[in-house]
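*Asks:* Sharing coords_37.tsv here; it has TSV, C-alpha atoms and all ligand atoms.
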chain	number	residue	atom	x	y	z
A	1225	MET	CA	118.78	97.56	86.70
A	1226	THR	CA	117.44	96.61	90.16
A	1227	THR	CA	116.52	92.96	90.67
A	1228	ASP	CA	112.88	92.16	91.31
A	1229	PRO	CA	112.88	90.42	94.73
A	1230	TYR	CA	109.67	88.62	93.75
A	1231	ALA	CA	110.95	87.27	90.41
A	1232	ARG	CA	111.39	83.71	91.70
A	1233	ILE	CA	108.42	83.44	94.03
A	1234	ALA	CA	105.72	85.29	92.06
A	1235	GLU	CA	104.33	82.30	90.20
A	1236	TRP	CA	104.06	80.30	93.46
A	1237	TYR	CA	102.90	83.17	95.68
A	1238	ASP	CA	99.15	82.62	95.42
A	1239	LEU	CA	99.37	78.86	95.67
A	1240	LEU	CA	101.49	79.03	98.83
A	1241	LEU	CA	99.98	82.02	100.59
A	1242	ASN	CA	96.32	82.35	99.63
A	1243	PRO	CA	95.24	79.80	102.27
A	1244	VAL	CA	96.80	82.08	104.92
A	1245	LEU	CA	96.17	85.51	103.38
A	1246	ASP	CA	92.60	85.17	102.10
A	1247	GLY	CA	91.34	85.74	105.65
A	1248	VAL	CA	93.15	89.10	105.67
A	1249	ARG	CA	91.62	89.99	102.31
A	1250	ARG	CA	88.11	89.18	103.54
A	1251	ALA	CA	88.70	91.24	106.69
A	1252	VAL	CA	89.80	94.22	104.54
A	1253	ALA	CA	86.68	93.86	102.36
A	1254	GLU	CA	84.42	93.68	105.41
A	1255	VAL	CA	85.89	96.89	106.85
A	1256	CYS	CA	85.53	98.67	103.48
A	1257	ARG	CA	81.90	97.64	103.20
A	1258	ALA	CA	81.09	98.51	106.82
A	1259	GLU	CA	82.81	101.92	106.61
A	1260	GLY	CA	81.49	102.84	103.15
A	1261	LEU	CA	84.95	102.88	101.57
A	1262	LEU	CA	83.96	102.20	97.98
A	1263	ARG	CA	86.89	103.66	95.98
A	1264	VAL	CA	90.03	101.90	97.13
A	1265	LEU	CA	93.63	101.68	95.96
A	1266	ASP	CA	95.68	98.62	96.91
A	1267	ALA	CA	99.11	100.25	96.71
A	1268	CYS	CA	101.26	97.08	97.04
A	1269	CYS	CA	98.77	94.76	95.40
A	1270	GLY	CA	101.12	91.88	94.54
A	1271	THR	CA	99.18	89.39	92.44
A	1272	GLY	CA	95.97	91.41	92.79
A	1273	ARG	CA	94.07	88.95	94.94
A	1274	GLN	CA	92.96	91.65	97.41
A	1275	CYS	CA	91.63	93.72	94.51
A	1276	ALA	CA	89.67	90.73	93.23
A	1277	VAL	CA	88.12	90.11	96.65
A	1278	LEU	CA	87.23	93.81	97.03
A	1279	ARG	CA	85.70	94.03	93.56
A	1280	GLY	CA	83.72	90.86	94.28
A	1281	ALA	CA	82.35	92.71	97.35
A	1282	GLY	CA	81.29	95.71	95.27
A	1283	VAL	CA	84.28	97.94	96.07
A	1284	ALA	CA	85.91	99.71	93.10
A	1285	CYS	CA	89.52	98.68	93.73
A	1286	VAL	CA	92.53	99.37	91.57
A	1287	GLY	CA	95.96	97.98	92.32
A	1288	THR	CA	99.55	99.12	91.89
A	1289	ASP	CA	102.78	97.31	92.67
A	1290	LEU	CA	106.47	97.72	91.97
A	1291	SER	CA	107.17	94.10	90.99
A	1292	PRO	CA	106.72	93.18	87.32
A	1293	ALA	CA	106.80	89.50	88.33
A	1294	MET	CA	103.92	89.86	90.79
A	1295	LEU	CA	101.86	91.88	88.30
A	1296	GLY	CA	102.67	89.27	85.64
A	1297	ALA	CA	101.44	86.50	87.92
A	1298	ALA	CA	98.24	88.49	88.46
A	1299	ARG	CA	97.56	88.51	84.75
A	1300	ALA	CA	98.26	84.80	84.45
A	1301	VAL	CA	96.03	83.77	87.34
A	1302	SER	CA	92.45	82.70	86.87
A	1303	LEU	CA	90.34	84.36	89.55
A	1304	PRO	CA	87.61	82.60	91.50
A	1305	ALA	CA	84.18	83.18	89.89
A	1306	THR	CA	82.85	84.86	93.06
A	1307	SER	CA	85.63	87.47	92.87
A	1308	ARG	CA	85.20	88.29	89.21
A	1309	PRO	CA	83.47	91.60	88.67
A	1310	SER	CA	80.63	91.17	86.19
A	1311	SER	CA	81.56	94.27	84.19
A	1312	SER	CA	85.27	93.58	83.65
A	1313	PRO	CA	87.01	90.21	83.53
A	1314	SER	CA	90.51	91.59	84.19
A	1315	LEU	CA	91.77	93.55	87.15
A	1316	PRO	CA	92.89	97.19	86.79
A	1317	LEU	CA	96.48	96.73	87.95
A	1318	SER	CA	99.50	98.80	86.98
A	1319	ARG	CA	103.12	99.28	87.94
A	1320	ALA	CA	103.97	102.07	90.37
A	1321	ASP	CA	106.21	102.71	93.35
A	1322	ALA	CA	104.07	103.22	96.47
A	1323	ARG	CA	106.20	106.31	97.24
A	1324	VAL	CA	105.18	108.05	94.00
A	1325	LEU	CA	101.61	107.16	93.11
A	1326	PRO	CA	100.20	108.36	89.77
A	1327	PHE	CA	96.93	109.61	91.29
A	1328	ALA	CA	95.51	112.96	92.34
A	1329	ASP	CA	95.17	114.07	95.96
A	1330	ASN	CA	92.20	112.35	97.63
A	1331	ALA	CA	91.41	110.30	94.51
A	1332	PHE	CA	90.31	107.37	96.75
A	1333	ASP	CA	88.33	106.78	99.92
A	1334	ALA	CA	91.14	104.60	101.29
A	1335	VAL	CA	94.47	103.02	100.43
A	1336	VAL	CA	95.29	99.44	101.44
A	1337	LEU	CA	98.89	98.65	102.42
A	1338	SER	CA	98.80	94.95	103.16
A	1339	LEU	CA	101.86	92.96	104.26
A	1340	ALA	CA	104.18	95.34	102.49
A	1341	LEU	CA	105.35	97.90	105.06
A	1342	HIS	CA	107.29	95.36	107.12
A	1343	GLU	CA	109.52	94.49	104.17
A	1344	MET	CA	110.48	98.09	103.41
A	1345	PRO	CA	113.42	100.00	104.89
A	1346	GLU	CA	112.06	102.59	107.34
A	1347	PRO	CA	112.37	105.67	105.06
A	1348	VAL	CA	110.62	103.80	102.22
A	1349	GLY	CA	107.75	102.69	104.50
A	1350	ASN	CA	107.34	106.21	105.87
A	1351	ALA	CA	107.27	107.65	102.35
A	1352	ALA	CA	104.75	105.04	101.17
A	1353	LEU	CA	102.47	105.80	104.12
A	1354	ALA	CA	102.71	109.55	103.51
A	1355	GLU	CA	101.93	109.05	99.83
A	1356	ALA	CA	98.92	106.83	100.68
A	1357	LEU	CA	97.61	109.63	102.90
A	1358	ARG	CA	98.00	112.09	100.02
A	1359	VAL	CA	95.75	110.07	97.67
A	1360	ALA	CA	93.18	109.13	100.35
A	1361	PRO	CA	92.10	110.39	103.78
A	1362	ARG	CA	92.17	106.87	105.24
A	1363	VAL	CA	94.51	103.90	105.15
A	1364	LEU	CA	93.97	100.22	105.84
A	1365	LEU	CA	97.22	98.80	107.22
A	1366	ALA	CA	97.44	95.01	107.50
A	1367	ASP	CA	100.76	93.95	108.96
A	1368	TYR	CA	102.63	92.43	111.86
A	1369	ARG	CA	102.23	93.72	115.40
A	1370	LEU	CA	103.93	93.10	118.72
A	1371	ALA	CA	102.52	90.33	120.90
A	1372	GLU	CA	100.15	91.89	123.41
A	1373	ARG	CA	99.79	88.93	125.75
A	1374	ASN	CA	101.30	85.50	126.31
A	1375	LEU	CA	98.64	83.85	124.12
A	1376	ASP	CA	99.94	85.83	121.12
A	1377	LEU	CA	103.52	84.64	121.56
A	1378	PRO	CA	103.40	81.35	119.58
A	1379	ALA	CA	102.04	83.12	116.49
A	1380	ALA	CA	104.42	86.06	116.95
A	1381	LEU	CA	107.39	83.66	117.07
A	1382	PHE	CA	106.11	81.54	114.18
A	1383	VAL	CA	105.99	84.44	111.71
A	1384	HIS	CA	109.79	84.72	111.95
A	1385	LEU	CA	110.00	81.53	109.89
A	1386	PRO	CA	108.40	82.77	106.62
A	1387	GLU	CA	110.03	86.17	107.06
A	1388	ARG	CA	113.46	84.55	107.45
A	1389	LEU	CA	112.84	82.35	104.41
A	1390	ALA	CA	112.02	85.45	102.36
A	1391	GLY	CA	115.70	86.42	102.37
A	1392	ALA	CA	118.30	88.30	104.40
A	1393	GLU	CA	117.27	91.84	103.41
A	1394	HIS	CA	113.57	91.06	103.83
A	1395	TYR	CA	114.24	89.63	107.32
A	1396	ARG	CA	116.41	92.59	108.32
A	1397	ASN	CA	113.63	95.00	107.35
A	1398	PHE	CA	111.01	92.86	109.15
A	1399	ARG	CA	113.09	92.89	112.34
A	1400	GLY	CA	113.59	96.63	112.13
A	1401	PHE	CA	109.85	97.09	111.60
A	1402	MET	CA	109.11	94.98	114.70
A	1403	ALA	CA	111.79	96.74	116.76
A	1404	ARG	CA	109.95	100.01	115.99
A	1405	GLY	CA	106.67	98.56	117.31
A	1406	GLY	CA	105.23	96.87	114.23
A	1407	VAL	CA	102.21	98.29	112.46
A	1408	GLU	CA	100.88	99.97	115.60
A	1409	GLY	CA	104.21	101.69	116.21
A	1410	LEU	CA	104.18	102.96	112.65
A	1411	ALA	CA	100.64	104.35	112.96
A	1412	HIS	CA	101.54	105.98	116.27
A	1413	ARG	CA	104.73	107.64	114.95
A	1414	ALA	CA	102.83	108.89	111.90
A	1415	GLY	CA	100.30	110.54	114.23
A	1416	LEU	CA	97.38	108.59	112.78
A	1417	ALA	CA	94.02	108.25	114.50
A	1418	VAL	CA	93.08	104.55	114.56
A	1419	ILE	CA	89.37	104.09	113.87
A	1420	ARG	CA	89.17	100.29	113.83
A	1421	ARG	CA	91.52	97.51	114.81
A	1422	GLU	CA	91.14	93.80	113.99
A	1423	ARG	CA	93.44	90.98	115.09
A	1424	LEU	CA	95.11	88.91	112.39
A	1425	PHE	CA	97.23	85.74	112.42
A	1426	GLY	CA	96.32	84.68	115.95
A	1427	GLY	CA	97.53	87.98	117.38
A	1428	ALA	CA	100.74	88.28	115.34
A	1429	GLY	CA	99.16	90.82	113.02
A	1430	ALA	CA	96.63	93.63	112.98
A	1431	LEU	CA	94.43	95.35	110.48
A	1432	LEU	CA	94.17	99.04	111.29
A	1433	LEU	CA	91.78	101.48	109.68
A	1434	ALA	CA	93.36	104.85	110.36
A	1435	GLU	CA	93.16	108.44	109.22
A	1436	ARG	CA	95.14	111.62	109.40
A	1437	ASN	CA	94.78	113.01	112.88
A	1438	SER	CA	93.10	116.38	112.46
A	1439	ARG	CA	94.50	117.51	115.84
A	1440	ALA	CA	98.07	116.84	114.69
A	1441	GLY	CA	99.96	119.85	113.38
B	1501	LIG	C1	104.37	90.29	100.74
B	1501	LIG	S1	103.81	91.03	99.24
B	1501	LIG	C2	102.11	91.40	99.66
B	1501	LIG	C3	101.26	91.53	98.43
B	1501	LIG	C4	99.79	91.74	98.69
B	1501	LIG	N1	99.54	92.98	99.40
B	1501	LIG	C5	99.21	90.55	99.41
B	1501	LIG	O1	98.69	90.72	100.49
B	1501	LIG	O2	99.28	89.46	98.86
B	1501	LIG	C6	104.55	92.65	99.28
B	1501	LIG	C7	104.33	93.41	97.99
B	1501	LIG	O3	104.78	94.74	98.17
B	1501	LIG	C8	105.36	95.16	96.96
B	1501	LIG	N2	106.22	96.33	97.19
B	1501	LIG	C9	107.34	96.38	97.96
B	1501	LIG	N3	107.86	97.63	97.92
B	1501	LIG	C10	107.05	98.36	97.10
B	1501	LIG	C11	107.06	99.72	96.67
B	1501	LIG	N4	108.02	100.59	97.07
B	1501	LIG	N5	106.08	100.13	95.84
B	1501	LIG	C12	105.11	99.27	95.43
B	1501	LIG	N6	105.06	97.98	95.80
B	1501	LIG	C13	106.01	97.52	96.63
B	1501	LIG	C14	106.10	93.95	96.46
B	1501	LIG	O4	106.41	94.03	95.09
B	1501	LIG	C15	105.10	92.84	96.80
B	1501	LIG	O5	104.23	92.58	95.74
Go through the file and emit its structure as structure tokens.

*Replies:*
Amino acid sequence: MTTDPYARIAEWYDLLLNPVLDGVRRAVAEVCRAEGLLRVLDACCGTGRQCAVLRGAGVACVGTDLSPAMLGAARAVSLPATSRPSSSPSLPLSRADARVLPFADNAFDAVVLSLALHEMPEPVGNAALAEALRVAPRVLLADYRLAERNLDLPAALFVHLPERLAGAEHYRNFRGFMARGGVEGLAHRAGLAVIRRERLFGGAGALLLAERNSRAG
């Protein structure tokens, strides 16, 4: 049986990272609202916090993740009242590999892949992105990017610290992801058309709203 890399951190994940990641989740919700993306899948949802924020903003979000520990932490967590949908107190989260999603073609308006692609080996990330674009015409990719100017460098260097602490394999995959151009390199190689781009983490990250490029073959 494969070990769950999140088994030890899952119960601490929200406590440690929500102060940093809630800004990303609000940015995702704002883009969904502005672009009319109202049926959304969060395909590496972790503890489900992004889903809660989206549902609080009126977006019908469901979440899937591979880690039983992260999904377990989601069920244990008590969500902020503002994020609780009035119709359902619990989040619709289930276990699935982002490479093989149990949904029909174009079942959603968009798929969120947030802070997950950088930790995957390249073939896994490519397969997850392709699968996201099977179940929705658009993707919201929130992940690390290359520093664009000197002002971005402190943040770009700082993010090595949490990524290194996440373990040797995680850090190796992160470095490979960055060597291939980060999230923007991934979108470019996949031939995606980027519709919107927001800066995250003081320039160390980006949120891209992108779609299949109709001019690509
Ligand atoms: C750093 S966490 C980010 C979680 C969440 N998106 C957030 O912003 O808090 C990365 C998540 O990706 C999930 N993940 C990694 N590989 C996956 C795969 N192949 N299929 C589904 N989930 C995966 C992990 O289990 C973990 O919950």

*Asks:* Pick the closest to Val1264 of chain A from A:Val1244, A:Val1335, A:Leu1290, A:Ala1276: which is it, counting all atoms listed in the file?

*Replies:*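 Of all the options, A:Val1335 lies closest to Val1264 of chain A.
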
*Asks:* Which residue gives the smallest distance to ligand LIG 1501 (chain B) among A:Ala1430, A:Leu1416, A:Val1324, A:Ala1360, with only C-alpha atoms and all ligand atoms counted?

*Replies:*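 Of A:Ala1430, A:Leu1416, A:Val1324, A:Ala1360, the one nearest ligand LIG 1501 (chain B) is A:Val1324, counting only C-alpha atoms and all ligand atoms.
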
*Asks:* Separation of atom CA of Asn1242 of chain A and atom CA of Ala1392 of chain A, in Å?

*Replies:* 23.3 Å

*Asks:* Write out as a PDB file with C-alpha atoms, keeping the file's coordinate frame which residues come within 10 Å of Phe1382 of chain A when counting all atoms listed in the file, dropping same-chain ones fewer than 5 positions away.

*Replies:*
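Result went into part_21.pdb, see below:
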ATOM      1  CA  LEU A1377     103.520  84.640 121.560  1.00  0.00           C
ATOM      2  CA  GLU A1387     110.030  86.170 107.060  1.00  0.00           C
ATOM      3  CA  PHE A1425      97.230  85.740 112.420  1.00  0.00           C
ATOM      4  CA  ALA A1428     100.740  88.280 115.340  1.00  0.00           C
TER       5      ALA A1428
END

*Asks:* Got a sec: who's within 12 Å of Ala1298 of chain A, counting only C-alpha atoms, leaving out chain neighbours fewer than 4 positions off, as an mmCIF file with C-alpha atoms, keeping the file's coordinate frame?

*Replies:*
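File written: part03.cif
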data_model
loop_
_atom_site.group_PDB
_atom_site.id
_atom_site.type_symbol
_atom_site.label_atom_id
_atom_site.label_comp_id
_atom_site.auth_asym_id
_atom_site.auth_seq_id
_atom_site.Cartn_x
_atom_site.Cartn_y
_atom_site.Cartn_z
ATOM 1 C CA ALA A 1234 105.720 85.290 92.060
ATOM 2 C CA GLU A 1235 104.330 82.300 90.200
ATOM 3 C CA TRP A 1236 104.060 80.300 93.460
ATOM 4 C CA TYR A 1237 102.900 83.170 95.680
ATOM 5 C CA ASP A 1238 99.150 82.620 95.420
ATOM 6 C CA CYS A 1269 98.770 94.760 95.400
ATOM 7 C CA GLY A 1270 101.120 91.880 94.540
ATOM 8 C CA THR A 1271 99.180 89.390 92.440
ATOM 9 C CA GLY A 1272 95.970 91.410 92.790
ATOM 10 C CA ARG A 1273 94.070 88.950 94.940
ATOM 11 C CA GLN A 1274 92.960 91.650 97.410
ATOM 12 C CA CYS A 1275 91.630 93.720 94.510
ATOM 13 C CA ALA A 1276 89.670 90.730 93.230
ATOM 14 C CA GLY A 1287 95.960 97.980 92.320
ATOM 15 C CA THR A 1288 99.550 99.120 91.890
ATOM 16 C CA ASP A 1289 102.780 97.310 92.670
ATOM 17 C CA SER A 1291 107.170 94.100 90.990
ATOM 18 C CA PRO A 1292 106.720 93.180 87.320
ATOM 19 C CA ALA A 1293 106.800 89.500 88.330
ATOM 20 C CA MET A 1294 103.920 89.860 90.790
ATOM 21 C CA SER A 1302 92.450 82.700 86.870
ATOM 22 C CA LEU A 1303 90.340 84.360 89.550
ATOM 23 C CA SER A 1314 90.510 91.590 84.190
ATOM 24 C CA LEU A 1315 91.770 93.550 87.150
ATOM 25 C CA PRO A 1316 92.890 97.190 86.790
ATOM 26 C CA LEU A 1317 96.480 96.730 87.950
ATOM 27 C CA SER A 1318 99.500 98.800 86.980
ATOM 28 C CA ARG A 1319 103.120 99.280 87.940
#

*Asks:* Using atom CA of Ala1320 of chain A and atom CA of Ile1233 of chain A as the two end points, give the distance in Å to one decimal.

*Replies:*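 That distance, rounded to one decimal, is 19.5 Å.
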
*Asks:* A:Leu1410, A:Leu1278, A:Cys1268, A:Ala1351: which is nearest Asp1246 of chain A, counting only C-alpha atoms?

*Replies:*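 Nearest candidate to Asp1246 of chain A out of A:Leu1410, A:Leu1278, A:Cys1268, A:Ala1351: A:Leu1278.
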